[in-house]
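K.L.:
Structure: query34.txt, compact mmCIF, C-alpha atoms and all ligand atoms.
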```txt
# COMPACT_ATOMS: atom_id res chain seq x y z
CA MET A 26 -17.12 18.45 25.34
CA PRO A 27 -16.70 21.75 23.46
CA ALA A 28 -17.43 21.77 19.73
CA PRO A 29 -14.28 21.17 17.66
CA VAL A 30 -12.85 24.19 15.88
CA ILE A 31 -12.50 23.67 12.13
CA ALA A 32 -10.47 26.21 10.17
CA ILE A 33 -10.88 26.40 6.41
CA VAL A 34 -7.70 27.69 4.77
CA ILE A 35 -8.20 29.33 1.38
CA PRO A 36 -5.53 31.10 -0.71
CA VAL A 37 -6.98 34.01 -2.65
CA PHE A 38 -5.37 35.70 -5.63
CA ASN A 39 -7.41 38.12 -7.75
CA GLU A 40 -10.69 36.39 -6.98
CA GLN A 41 -13.05 39.35 -6.75
CA ALA A 42 -15.48 37.64 -9.11
CA VAL A 43 -16.02 34.59 -6.90
CA LEU A 44 -15.53 35.97 -3.39
CA PRO A 45 -19.16 37.04 -2.79
CA GLU A 46 -20.44 33.57 -3.68
CA LEU A 47 -17.62 31.89 -1.73
CA CYS A 48 -18.40 33.91 1.40
CA ALA A 49 -22.13 33.27 1.05
CA ARG A 50 -21.68 29.51 0.72
CA LEU A 51 -19.20 29.37 3.60
CA THR A 52 -21.56 31.40 5.77
CA ALA A 53 -24.37 28.96 4.99
CA LEU A 54 -22.10 26.09 6.03
CA PHE A 55 -21.01 27.89 9.22
CA ASP A 56 -24.58 28.74 10.17
CA ALA A 57 -25.68 25.15 9.70
CA GLY A 58 -22.98 24.36 12.25
CA HIS A 59 -22.88 20.54 11.99
CA GLY A 60 -21.73 20.48 15.61
CA CYS A 61 -18.52 22.43 14.95
CA GLU A 62 -17.18 25.89 15.48
CA TRP A 63 -16.01 27.29 12.12
CA ARG A 64 -13.35 29.71 10.95
CA ALA A 65 -12.35 30.73 7.46
CA VAL A 66 -8.69 31.68 7.10
CA LEU A 67 -8.47 33.61 3.85
CA VAL A 68 -4.91 34.24 2.71
CA ASP A 69 -4.60 37.10 0.28
CA ASP A 70 -1.65 36.27 -1.95
CA GLY A 71 -0.93 39.81 -3.14
CA SER A 72 -4.15 40.33 -5.12
CA ARG A 73 -4.21 43.33 -7.42
CA ASP A 74 -7.99 43.62 -7.71
CA GLN A 75 -10.77 44.32 -5.19
CA SER A 76 -10.29 40.98 -3.36
CA VAL A 77 -8.73 42.51 -0.24
CA ALA A 78 -11.48 45.09 0.14
CA LEU A 79 -14.12 42.38 -0.25
CA LEU A 80 -12.37 40.22 2.34
CA HIS A 81 -12.19 43.07 4.84
CA ALA A 82 -15.85 43.84 4.37
CA GLN A 83 -16.66 40.19 5.04
CA ALA A 84 -14.43 40.06 8.14
CA ALA A 85 -16.10 43.20 9.49
CA ARG A 86 -19.55 41.59 9.03
CA ASP A 87 -18.61 38.19 10.39
CA PRO A 88 -15.81 37.58 12.91
CA ARG A 89 -15.53 33.94 11.79
CA PHE A 90 -13.67 35.19 8.71
CA GLU A 91 -9.98 35.86 9.36
CA ILE A 92 -7.61 37.45 6.88
CA ILE A 93 -3.90 37.12 6.34
CA GLU A 94 -2.38 39.44 3.77
CA LEU A 95 0.96 38.53 2.26
CA SER A 96 3.31 41.31 1.22
CA ARG A 97 3.25 40.24 -2.44
CA ASN A 98 2.24 37.31 -4.64
CA PHE A 99 4.15 34.28 -3.33
CA GLY A 100 2.19 31.57 -5.15
CA PHE A 101 -0.49 29.14 -4.13
CA GLN A 102 1.68 26.73 -2.14
CA SER A 103 3.25 29.48 -0.02
CA ALA A 104 -0.12 31.12 0.61
CA LEU A 105 -1.49 27.77 1.70
CA ALA A 106 1.46 27.26 4.06
CA ALA A 107 0.84 30.71 5.57
CA GLY A 108 -2.79 29.85 6.23
CA LEU A 109 -1.89 26.49 7.76
CA VAL A 110 0.58 28.13 10.16
CA HIS A 111 -2.07 30.62 11.17
CA ALA A 112 -4.63 27.84 11.71
CA ALA A 113 -2.29 25.77 13.90
CA LYS A 114 -4.58 26.02 16.94
CA ALA A 115 -7.67 24.60 15.22
CA ASP A 116 -8.67 21.00 15.91
CA ALA A 117 -8.74 20.30 12.18
CA VAL A 118 -8.01 22.31 9.04
CA VAL A 119 -9.64 22.08 5.65
CA THR A 120 -7.61 23.15 2.60
CA MET A 121 -9.42 24.36 -0.50
CA ASP A 122 -9.35 26.73 -3.50
CA ALA A 123 -11.22 30.01 -3.55
CA ASP A 124 -12.80 29.44 -6.95
CA LEU A 125 -15.47 26.98 -5.74
CA GLN A 126 -14.15 24.20 -7.94
CA ASP A 127 -14.06 22.51 -4.55
CA PRO A 128 -17.65 22.78 -3.26
CA PRO A 129 -17.75 23.71 0.47
CA GLU A 130 -20.91 21.64 0.86
CA VAL A 131 -18.91 18.39 1.10
CA ILE A 132 -16.82 19.64 4.04
CA PRO A 133 -19.20 18.16 6.68
CA GLU A 134 -18.41 14.74 5.18
CA PHE A 135 -14.70 15.39 5.83
CA VAL A 136 -15.52 16.20 9.43
CA THR A 137 -17.52 12.99 9.81
CA ALA A 138 -14.60 10.96 8.40
CA TRP A 139 -12.19 12.79 10.72
CA GLN A 140 -14.39 12.13 13.75
CA GLY A 141 -14.45 8.51 12.61
CA GLY A 142 -10.67 8.36 13.12
CA ALA A 143 -9.05 9.56 9.87
CA GLU A 144 -6.33 12.13 10.54
CA VAL A 145 -6.03 12.87 6.83
CA VAL A 146 -9.08 13.17 4.61
CA ARG A 147 -8.57 13.46 0.87
CA ALA A 148 -11.31 14.68 -1.41
CA THR A 149 -11.29 12.42 -4.45
CA ARG A 150 -12.73 13.64 -7.73
CA ARG A 151 -15.37 11.45 -9.24
CA SER A 152 -15.29 13.78 -12.23
CA ARG A 153 -13.44 16.85 -13.41
CA ALA A 154 -15.01 19.76 -15.24
CA GLU A 155 -11.79 20.88 -16.96
CA THR A 156 -11.22 19.99 -20.58
CA GLY A 157 -8.59 20.50 -23.26
CA LEU A 158 -4.92 21.15 -22.65
CA ARG A 159 -5.26 21.82 -18.91
CA ARG A 160 -7.06 18.52 -18.44
CA LEU A 161 -4.49 16.63 -20.51
CA GLY A 162 -1.73 18.22 -18.45
CA PHE A 163 -3.33 17.18 -15.14
CA ASP A 164 -3.90 13.59 -16.35
CA LEU A 165 -0.37 13.29 -17.72
CA PHE A 166 1.11 14.64 -14.50
CA HIS A 167 -0.81 12.18 -12.36
CA ALA A 168 0.21 9.25 -14.56
CA VAL A 169 3.90 10.22 -14.52
CA PHE A 170 3.96 11.16 -10.85
CA ARG A 171 2.50 7.80 -9.85
CA ARG A 172 5.34 5.96 -11.60
CA LEU A 173 8.11 8.25 -10.38
CA SER A 174 7.28 9.22 -6.85
CA ASP A 175 8.48 7.35 -3.79
CA PHE A 176 5.25 8.51 -2.10
CA PRO A 177 2.55 8.23 -4.74
CA ILE A 178 -0.45 10.46 -4.26
CA GLU A 179 -3.86 8.95 -4.84
CA PRO A 180 -5.07 9.60 -8.36
CA ASN A 181 -7.72 12.30 -8.65
CA THR A 182 -6.83 14.06 -5.43
CA GLY A 183 -5.59 17.60 -5.09
CA THR A 184 -5.38 20.19 -2.35
CA PHE A 185 -8.97 19.78 -1.21
CA GLY A 186 -9.15 17.82 2.05
CA LEU A 187 -8.80 17.88 5.81
CA LEU A 188 -5.90 17.48 8.23
CA GLY A 189 -6.39 16.70 11.90
CA ARG A 190 -4.30 18.39 14.58
CA ASP A 191 -1.65 15.63 14.65
CA ALA A 192 -1.34 15.52 10.88
CA LEU A 193 -1.02 19.31 10.79
CA GLU A 194 1.73 19.18 13.37
CA ALA A 195 3.57 16.61 11.27
CA TYR A 196 3.09 18.77 8.18
CA HIS A 197 4.66 21.71 9.99
CA GLN A 198 7.79 19.64 10.59
CA LEU A 199 8.48 19.61 6.86
CA PRO A 200 10.66 22.67 6.29
CA GLU A 201 11.19 22.54 2.53
CA ARG A 202 10.80 25.60 0.32
CA HIS A 203 9.56 23.89 -2.82
CA ARG A 204 6.29 22.60 -1.52
CA PHE A 205 3.91 20.26 -3.25
CA PHE A 206 1.02 19.89 -0.85
CA PRO A 207 -0.54 16.59 -2.01
CA GLY A 208 2.88 14.94 -1.91
CA LEU A 209 3.66 16.26 1.57
CA ARG A 210 0.27 15.05 2.74
CA ALA A 211 1.05 11.58 1.42
CA TRP A 212 4.48 11.68 3.07
CA ILE A 213 3.26 12.33 6.62
CA GLY A 214 1.24 9.11 6.74
CA PHE A 215 -1.53 8.68 9.38
CA PRO A 216 -4.82 6.85 8.87
CA SER A 217 -6.60 8.46 5.94
CA ALA A 218 -9.98 8.42 4.29
CA ALA A 219 -11.34 9.46 0.91
CA VAL A 220 -14.49 11.47 0.31
CA PHE A 221 -15.83 11.52 -3.24
CA TYR A 222 -17.06 14.67 -4.95
CA ASP A 223 -17.62 16.18 -8.38
CA ARG A 224 -15.09 18.84 -9.27
CA GLN A 225 -16.91 21.88 -10.57
CA GLU A 226 -16.07 24.49 -13.13
CA ARG A 227 -14.68 27.70 -11.69
CA ALA A 228 -17.70 29.65 -10.37
CA ALA A 229 -16.42 32.86 -11.98
CA GLY A 230 -13.23 34.57 -13.14
CA GLN A 231 -10.17 33.14 -14.82
CA PRO A 232 -7.75 30.47 -13.55
CA GLN A 233 -5.07 32.31 -11.59
CA GLN A 234 -2.45 29.62 -11.84
CA THR A 235 -0.68 30.14 -15.11
CA PHE A 236 0.24 27.09 -17.14
CA ARG A 237 3.90 27.86 -16.48
CA ARG A 238 3.27 27.80 -12.75
CA LEU A 239 1.44 24.50 -12.96
CA ILE A 240 4.39 23.01 -14.83
CA ARG A 241 6.70 24.28 -12.11
CA TYR A 242 4.59 22.61 -9.44
CA ALA A 243 4.60 19.41 -11.46
CA LEU A 244 8.42 19.52 -11.58
CA ASP A 245 8.55 20.29 -7.85
CA GLY A 246 6.37 17.27 -7.28
CA VAL A 247 8.65 15.00 -9.27
CA PHE A 248 12.01 16.33 -8.06
CA SER A 249 10.99 16.60 -4.39
CA PHE A 250 9.67 13.09 -4.21
CA SER A 251 11.93 11.04 -6.43
CA HIS A 252 15.59 10.36 -7.18
CA LEU A 253 14.59 8.37 -10.22
CA PRO A 254 15.68 11.02 -12.76
CA LEU A 255 19.22 10.77 -11.38
CA ARG A 256 19.17 6.99 -11.44
CA MET A 257 17.91 7.05 -15.02
CA LEU A 258 20.99 9.08 -15.96
CA THR A 259 23.18 6.40 -14.44
CA TYR A 260 21.36 3.79 -16.52
CA ALA A 261 21.69 5.90 -19.66
CA GLY A 262 25.42 6.29 -18.97
CA LEU A 263 25.83 2.55 -18.51
CA PHE A 264 23.96 1.84 -21.72
CA VAL A 265 26.03 4.31 -23.76
CA ALA A 266 29.30 3.03 -22.25
CA LEU A 267 28.38 -0.56 -23.09
CA MET A 268 27.47 0.39 -26.65
CA GLY A 269 30.77 2.27 -26.96
CA PHE A 270 32.69 -0.75 -25.73
CA ALA A 271 30.91 -3.09 -28.16
CA ILE A 272 31.41 -0.80 -31.15
CA GLY A 273 35.07 -0.22 -30.23
CA LEU A 274 35.64 -3.94 -29.97
CA PHE A 275 34.02 -4.44 -33.35
CA PHE A 276 36.43 -2.00 -35.05
CA ILE A 277 39.50 -3.37 -33.27
CA VAL A 278 38.66 -6.92 -34.32
CA ARG A 279 38.06 -5.79 -37.89
CA ARG A 280 41.41 -4.01 -37.90
CA LEU A 281 43.21 -7.10 -36.54
CA LEU A 282 41.58 -9.22 -39.23
CA GLY A 283 43.03 -6.81 -41.76
CA VAL A 284 39.82 -5.35 -43.13
CA GLU A 285 40.52 -2.20 -45.15
CA ILE A 286 39.36 1.06 -43.53
CA ALA A 287 37.63 3.27 -46.00
CA PHE A 288 37.47 6.98 -45.11
CA THR A 289 33.76 7.18 -44.72
CA GLY A 290 31.74 7.38 -41.53
CA PHE A 291 31.07 11.10 -41.22
CA THR A 292 27.38 10.40 -40.63
CA THR A 293 28.20 7.94 -37.86
CA ILE A 294 30.53 10.37 -36.12
CA ALA A 295 28.18 13.31 -36.40
CA THR A 296 25.31 11.23 -35.03
CA LEU A 297 27.40 9.94 -32.13
CA VAL A 298 28.72 13.36 -31.18
CA LEU A 299 25.28 14.95 -31.22
CA PHE A 300 23.68 12.03 -29.39
CA LEU A 301 26.29 12.02 -26.64
CA GLY A 302 26.25 15.81 -26.37
CA GLY A 303 22.48 15.70 -26.01
CA ILE A 304 22.58 13.04 -23.30
CA GLN A 305 25.21 15.00 -21.40
CA LEU A 306 23.24 18.23 -21.58
CA ILE A 307 20.12 16.49 -20.37
CA GLY A 308 22.21 15.10 -17.52
CA ILE A 309 23.45 18.55 -16.59
CA GLY A 310 19.88 19.85 -16.74
CA VAL A 311 18.63 17.16 -14.38
CA LEU A 312 21.52 17.79 -11.99
CA GLY A 313 20.70 21.48 -12.22
CA GLU A 314 17.10 20.86 -11.18
CA TYR A 315 18.29 19.22 -7.98
CA LEU A 316 21.10 21.72 -7.44
CA GLY A 317 18.82 24.74 -7.86
CA ARG A 318 16.42 23.28 -5.32
CA MET A 319 19.29 22.57 -2.95
CA TYR A 320 20.44 26.18 -3.33
CA ASP A 321 16.97 27.41 -2.41
CA GLU A 322 16.94 25.19 0.68
CA VAL A 323 20.39 26.35 1.77
CA LYS A 324 19.41 30.02 1.53
CA GLN A 325 16.72 29.36 4.16
CA ARG A 326 14.53 32.21 3.01
CA PRO A 327 11.07 32.26 4.57
CA LEU A 328 8.27 30.92 2.39
CA TYR A 329 6.24 34.13 2.57
CA VAL A 330 6.07 37.49 4.34
CA VAL A 331 2.90 38.49 6.19
CA LYS A 332 1.89 42.11 5.76
CA ARG A 333 -1.16 42.18 8.02
CA ARG A 334 -3.49 39.90 9.96
CA THR A 335 -7.12 40.69 10.61
CA VAL A 336 -8.48 38.47 13.35
CA ALA A 337 -11.45 39.25 15.56
CA ARG A 338 -10.78 39.23 19.31
CA ARG A 339 -12.54 36.40 21.03
N1 LIG B 401 -3.88 31.26 -6.12
C1 LIG B 401 -3.01 31.89 -5.21
N2 LIG B 401 -1.85 32.44 -5.68
C2 LIG B 401 -1.49 32.38 -7.00
C3 LIG B 401 -2.35 31.71 -7.90
C4 LIG B 401 -3.53 31.17 -7.42
O1 LIG B 401 -3.30 31.94 -4.02
O2 LIG B 401 -0.43 32.90 -7.33
C5 LIG B 401 -5.14 30.68 -5.61
C6 LIG B 401 -6.38 31.05 -6.38
O3 LIG B 401 -6.95 32.24 -5.91
C7 LIG B 401 -7.27 29.86 -6.09
C8 LIG B 401 -6.30 28.70 -5.99
O4 LIG B 401 -5.02 29.29 -5.77
O5 LIG B 401 -7.93 29.97 -4.85
C9 LIG B 401 -6.27 27.83 -7.24
O6 LIG B 401 -6.03 28.62 -8.35
P1 LIG B 401 -6.67 28.34 -9.79
O7 LIG B 401 -8.10 28.05 -9.66
O8 LIG B 401 -6.25 29.47 -10.65
O9 LIG B 401 -5.84 27.07 -10.22
P2 LIG B 401 -6.29 25.62 -10.71
O10 LIG B 401 -7.72 25.42 -10.34
O11 LIG B 401 -6.05 25.64 -12.16
O12 LIG B 401 -5.36 24.72 -9.98
MG MG B 402 -9.25 26.49 -9.94
```
Go ahead and render the structure in this file as C-alpha cells.

P.N.:
Amino acid sequence: MPAPVIAIVIPVFNEQAVLPELCARLTALFDAGHGCEWRAVLVDDGSRDQSVALLHAQAARDPRFEIIELSRNFGFQSALAAGLVHAAKADAVVTMDADLQDPPEVIPEFVTAWQGGAEVVRATRRSRAETGLRRLGFDLFHAVFRRLSDFPIEPNTGTFGLLGRDALEAYHQLPERHRFFPGLRAWIGFPSAAVFYDRQERAAGQPQQTFRRLIRYALDGVFSFSHLPLRMLTYAGLFVALMGFAIGLFFIVRRLLGVEIAFTGFTTIATLVLFLGGIQLIGIGVLGEYLGRMYDEVKQRPLYVVKRRTVARR
C-alpha cells in the first residue's frame, strides 16, 4: 500500500519572523516521515512583508512546500478554505496556524488517531499560553458559544486538527461565506478523536488577527450556528407585552374604582419609552446581523481570489 499523503494547510499573513522556524520544524517532521508522504500548503493571505519571498525560497529548496497566493488579504478563514480546496486530493489534511502556537511535533499523533479510524481529529489544549484580555475573550467566547450553539464545539479546541478525505469532502459541501471552521467541523459529524497538547506562545512576531477580527469571528460563530438570539427577542417581546397588559389592567381597575389620577408619572413614562426603544433597537440589530449575513450569501461572491500557485511537478 502506498504511503498516505498528508497535506498541512497553513494560512500565512505577515509572518516573516516565524517562517524560517516553521519551515525548519516542518522539514524535520517531513524528513522523519512517520510512514507518510508530506506536503505543506502555505496560503499567503496578502502579506505585506517578506513572507512571500521566504515562502518561494523554501518551495524552490523543497518541492514538498506548495504555495497559494491570494490576491489580497481575505482573512484567516478564507485563506484556510483556499488551502483546503487546494489540498482536496490528499488522504488527510492538517489545519494549523503559522505562528507555531500549534506545535507541528504533535501531528504524528493526529495521523495515528486517523489511522485508528477517526475521520476528524481535534487538538485539545491542555493549557494556553495567552493571558490578559485576549485570554478572557477566548474563554468568554467558548462559554457563551457552548450555551448558544446548536452544534457545540469541544471546549479548548481551535483550528488545529486533522480531517480525513471523507470529512474534507463533507466540509467542501458547506458553501457558506461566513465561515467558522471549528463550528463547521463539529457540524459535519464523523467519528472523531481528541489529541492533547500545550498551546505555545507565538514563536515570534505579533498576533495578526486583530481583536476586532476575532470579535467578528465570534459573532459569525454564534449567528451561523444558532437561532437563539431571534428566539430570545420573541421571549423579550412576550415578557414586555405581558407586563404592559398587567400594568394597563391595573390602571383601568383603579380608574373604575374611582381613584383620583394625579398628573405625575413623567419618570415612569420616560423610563418605559427608553426601555421599549432600547429593546426594539436591539431587536433590529439582531435582525440586521442575520439579514447582513443573508445578503452576503445571496451575492454568492467567491470566498477568495487566487493570484498564483506554486506547485512542484511530480
Ligand atoms: N492570518 C491570516 N490572515 C489574516 C490574519 C491572520 O492568514 O488576516 C493567519 C496568521 O498568519 C496565522 C493564523 O492566521 O497563521 C493565526 O493568526 P494569529 O496568530 O494572529 O491569531 P490568533 O493566534 O490570535 O488566533
Ligand atoms: Mg496565533

K.L.:
Please check which residues have atoms at most 9 Å from (1.3, 32.0, 6.9) in the file's coordinates, counting all atoms listed in the file, and write them as a VMD selection string.

P.N.:
chain A and resid 68 93 to 95 103 to 112 328 to 331

K.L.:
Just the selected residues (C-alpha atoms), exported as a PDB file, keeping the file's coordinate frame, please.

P.N.:
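File again_5.pdb, as written:
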```pdb
ATOM      1  CA  VAL A  68      -4.910  34.240   2.710  1.00  0.00           C
ATOM      2  CA  ILE A  93      -3.900  37.120   6.340  1.00  0.00           C
ATOM      3  CA  GLU A  94      -2.380  39.440   3.770  1.00  0.00           C
ATOM      4  CA  LEU A  95       0.960  38.530   2.260  1.00  0.00           C
ATOM      5  CA  SER A 103       3.250  29.480  -0.020  1.00  0.00           C
ATOM      6  CA  ALA A 104      -0.120  31.120   0.610  1.00  0.00           C
ATOM      7  CA  LEU A 105      -1.490  27.770   1.700  1.00  0.00           C
ATOM      8  CA  ALA A 106       1.460  27.260   4.060  1.00  0.00           C
ATOM      9  CA  ALA A 107       0.840  30.710   5.570  1.00  0.00           C
ATOM     10  CA  GLY A 108      -2.790  29.850   6.230  1.00  0.00           C
ATOM     11  CA  LEU A 109      -1.890  26.490   7.760  1.00  0.00           C
ATOM     12  CA  VAL A 110       0.580  28.130  10.160  1.00  0.00           C
ATOM     13  CA  HIS A 111      -2.070  30.620  11.170  1.00  0.00           C
ATOM     14  CA  ALA A 112      -4.630  27.840  11.710  1.00  0.00           C
ATOM     15  CA  LEU A 328       8.270  30.920   2.390  1.00  0.00           C
ATOM     16  CA  TYR A 329       6.240  34.130   2.570  1.00  0.00           C
ATOM     17  CA  VAL A 330       6.070  37.490   4.340  1.00  0.00           C
ATOM     18  CA  VAL A 331       2.900  38.490   6.190  1.00  0.00           C
TER      19      VAL A 331
END
```

K.L.:
Given only C-alpha atoms as the basis, pick out the residue of A:Gly313, A:Pro129, A:Gly308, A:Gly141 nearest to Phe185 (chain A).

P.N.:
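Smallest separation from Phe185 (chain A) among the options: A:Pro129.
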
K.L.:
Tell me, in Å to one decimal, how far CA of Val34 (chain A) is from CA of Gly246 (chain A).

P.N.:
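Computing it gives 21.3 Å between the two atoms.
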
K.L.:
Which residue out of A:Pro128, A:Pro45, A:Pro180, A:Gly142 has the minimum interatomic distance to His81 (chain A) when all atoms listed in the file are used?

P.N.:
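Looking only at the distances to His81 (chain A), the closest residue turns out to be A:Pro45.
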
K.L.:
Kindly provide, as a PyMOL selection string, all nucleotide and amino acid residues lying within 10 Å of ligand MG 402 (chain B), counting all atoms listed in the file.

P.N.:
chain A and resi 121-127+155+224-234

K.L.:
For ligand LIG 401 (chain B), which of A:Gly317, A:Pro200, A:Gly60, A:Gly183 is the closest residue, counting only C-alpha atoms and all ligand atoms?

P.N.:
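Under the stated criterion, the closest residue is A:Gly183.
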
K.L.:
For Pro177 (chain A), work out the shell of residues within 12 Å, counting only C-alpha atoms and skipping chain neighbours fewer than 5 positions away, then give it as a list in words.

P.N.:
Phe166, His167, Ala168, Val169, Phe170, Arg171, Arg172, Thr182, Pro207, Gly208, Leu209, Arg210, Ala211, Trp212, Gly214, Gly246, Val247, Ser249, Phe250 and Ser251 of chain A

K.L.:
Which residues, protein or nucleic acid, reach to within 6 Å of (-3.3, 31.7, -5.3) in the file's coordinates when using only C-alpha atoms, and can you give that as a list in words?

P.N.:
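The residues that fall inside the cut-off are Pro36, Val37, Phe38, Asp70, Gly100 and Phe101 of chain A.
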
K.L.:
So that I can look at just that part, could you write region 136-158 of chain A with N, CA and C atoms, as a PDB file, in the first residue's frame?

P.N.:
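Result went into out.pdb, see below:
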```pdb
ATOM      1  N   VAL A 136      -2.134  11.636  13.023  1.00  0.00           N
ATOM      2  CA  VAL A 136      -2.128  10.619  11.966  1.00  0.00           C
ATOM      3  C   VAL A 136      -2.440   9.246  12.568  1.00  0.00           C
ATOM      4  N   THR A 137      -1.846   8.985  13.732  1.00  0.00           N
ATOM      5  CA  THR A 137      -2.123   7.700  14.401  1.00  0.00           C
ATOM      6  C   THR A 137      -3.612   7.579  14.718  1.00  0.00           C
ATOM      7  N   ALA A 138      -4.200   8.665  15.251  1.00  0.00           N
ATOM      8  CA  ALA A 138      -5.631   8.632  15.594  1.00  0.00           C
ATOM      9  C   ALA A 138      -6.478   8.437  14.328  1.00  0.00           C
ATOM     10  N   TRP A 139      -6.064   9.099  13.248  1.00  0.00           N
ATOM     11  CA  TRP A 139      -6.783   8.978  11.974  1.00  0.00           C
ATOM     12  C   TRP A 139      -6.698   7.549  11.450  1.00  0.00           C
ATOM     13  N   GLN A 140      -5.491   6.960  11.518  1.00  0.00           N
ATOM     14  CA  GLN A 140      -5.335   5.585  11.046  1.00  0.00           C
ATOM     15  C   GLN A 140      -6.098   4.615  11.936  1.00  0.00           C
ATOM     16  N   GLY A 141      -6.343   5.051  13.184  1.00  0.00           N
ATOM     17  CA  GLY A 141      -7.151   4.240  14.096  1.00  0.00           C
ATOM     18  C   GLY A 141      -8.650   4.412  13.859  1.00  0.00           C
ATOM     19  N   GLY A 142      -9.052   5.185  12.849  1.00  0.00           N
ATOM     20  CA  GLY A 142     -10.461   5.238  12.480  1.00  0.00           C
ATOM     21  C   GLY A 142     -11.161   6.570  12.691  1.00  0.00           C
ATOM     22  N   ALA A 143     -10.470   7.586  13.230  1.00  0.00           N
ATOM     23  CA  ALA A 143     -11.125   8.880  13.437  1.00  0.00           C
ATOM     24  C   ALA A 143     -11.010   9.713  12.158  1.00  0.00           C
ATOM     25  N   GLU A 144     -12.148  10.113  11.602  1.00  0.00           N
ATOM     26  CA  GLU A 144     -12.116  10.957  10.406  1.00  0.00           C
ATOM     27  C   GLU A 144     -11.782  12.399  10.771  1.00  0.00           C
ATOM     28  N   VAL A 145     -12.152  12.783  11.983  1.00  0.00           N
ATOM     29  CA  VAL A 145     -11.892  14.147  12.447  1.00  0.00           C
ATOM     30  C   VAL A 145     -11.048  14.063  13.713  1.00  0.00           C
ATOM     31  N   VAL A 146      -9.898  14.697  13.699  1.00  0.00           N
ATOM     32  CA  VAL A 146      -9.072  14.738  14.909  1.00  0.00           C
ATOM     33  C   VAL A 146      -8.968  16.185  15.366  1.00  0.00           C
ATOM     34  N   ARG A 147      -9.336  16.427  16.615  1.00  0.00           N
ATOM     35  CA  ARG A 147      -9.265  17.777  17.173  1.00  0.00           C
ATOM     36  C   ARG A 147      -8.109  17.844  18.147  1.00  0.00           C
ATOM     37  N   ALA A 148      -7.267  18.860  17.995  1.00  0.00           N
ATOM     38  CA  ALA A 148      -6.234  19.066  19.000  1.00  0.00           C
ATOM     39  C   ALA A 148      -6.864  19.819  20.148  1.00  0.00           C
ATOM     40  N   THR A 149      -6.730  19.297  21.346  1.00  0.00           N
ATOM     41  CA  THR A 149      -7.356  19.911  22.518  1.00  0.00           C
ATOM     42  C   THR A 149      -6.274  20.461  23.425  1.00  0.00           C
ATOM     43  N   ARG A 150      -6.421  21.756  23.770  1.00  0.00           N
ATOM     44  CA  ARG A 150      -5.403  22.414  24.585  1.00  0.00           C
ATOM     45  C   ARG A 150      -5.477  21.937  26.020  1.00  0.00           C
ATOM     46  N   ARG A 151      -4.355  21.454  26.516  1.00  0.00           N
ATOM     47  CA  ARG A 151      -4.268  21.190  27.938  1.00  0.00           C
ATOM     48  C   ARG A 151      -4.051  22.514  28.651  1.00  0.00           C
ATOM     49  N   SER A 152      -3.348  23.414  27.974  1.00  0.00           N
ATOM     50  CA  SER A 152      -3.043  24.715  28.567  1.00  0.00           C
ATOM     51  C   SER A 152      -2.942  25.728  27.447  1.00  0.00           C
ATOM     52  N   ARG A 153      -3.017  27.000  27.821  1.00  0.00           N
ATOM     53  CA  ARG A 153      -2.976  28.067  26.843  1.00  0.00           C
ATOM     54  C   ARG A 153      -1.969  29.087  27.330  1.00  0.00           C
ATOM     55  N   ALA A 154      -1.106  29.557  26.442  1.00  0.00           N
ATOM     56  CA  ALA A 154      -0.071  30.487  26.892  1.00  0.00           C
ATOM     57  C   ALA A 154      -0.582  31.923  26.964  1.00  0.00           C
ATOM     58  N   GLU A 155      -1.706  32.218  26.262  1.00  0.00           N
ATOM     59  CA  GLU A 155      -2.176  33.605  26.254  1.00  0.00           C
ATOM     60  C   GLU A 155      -2.639  34.038  27.646  1.00  0.00           C
ATOM     61  N   THR A 156      -2.535  35.335  27.884  1.00  0.00           N
ATOM     62  CA  THR A 156      -3.036  35.877  29.143  1.00  0.00           C
ATOM     63  C   THR A 156      -3.781  37.166  28.843  1.00  0.00           C
ATOM     64  N   GLY A 157      -4.358  37.764  29.897  1.00  0.00           N
ATOM     65  CA  GLY A 157      -4.942  39.094  29.764  1.00  0.00           C
ATOM     66  C   GLY A 157      -6.244  39.091  28.987  1.00  0.00           C
ATOM     67  N   LEU A 158      -6.461  40.190  28.276  1.00  0.00           N
ATOM     68  CA  LEU A 158      -7.745  40.445  27.623  1.00  0.00           C
ATOM     69  C   LEU A 158      -8.053  39.404  26.555  1.00  0.00           C
TER      70      LEU A 158
END
```
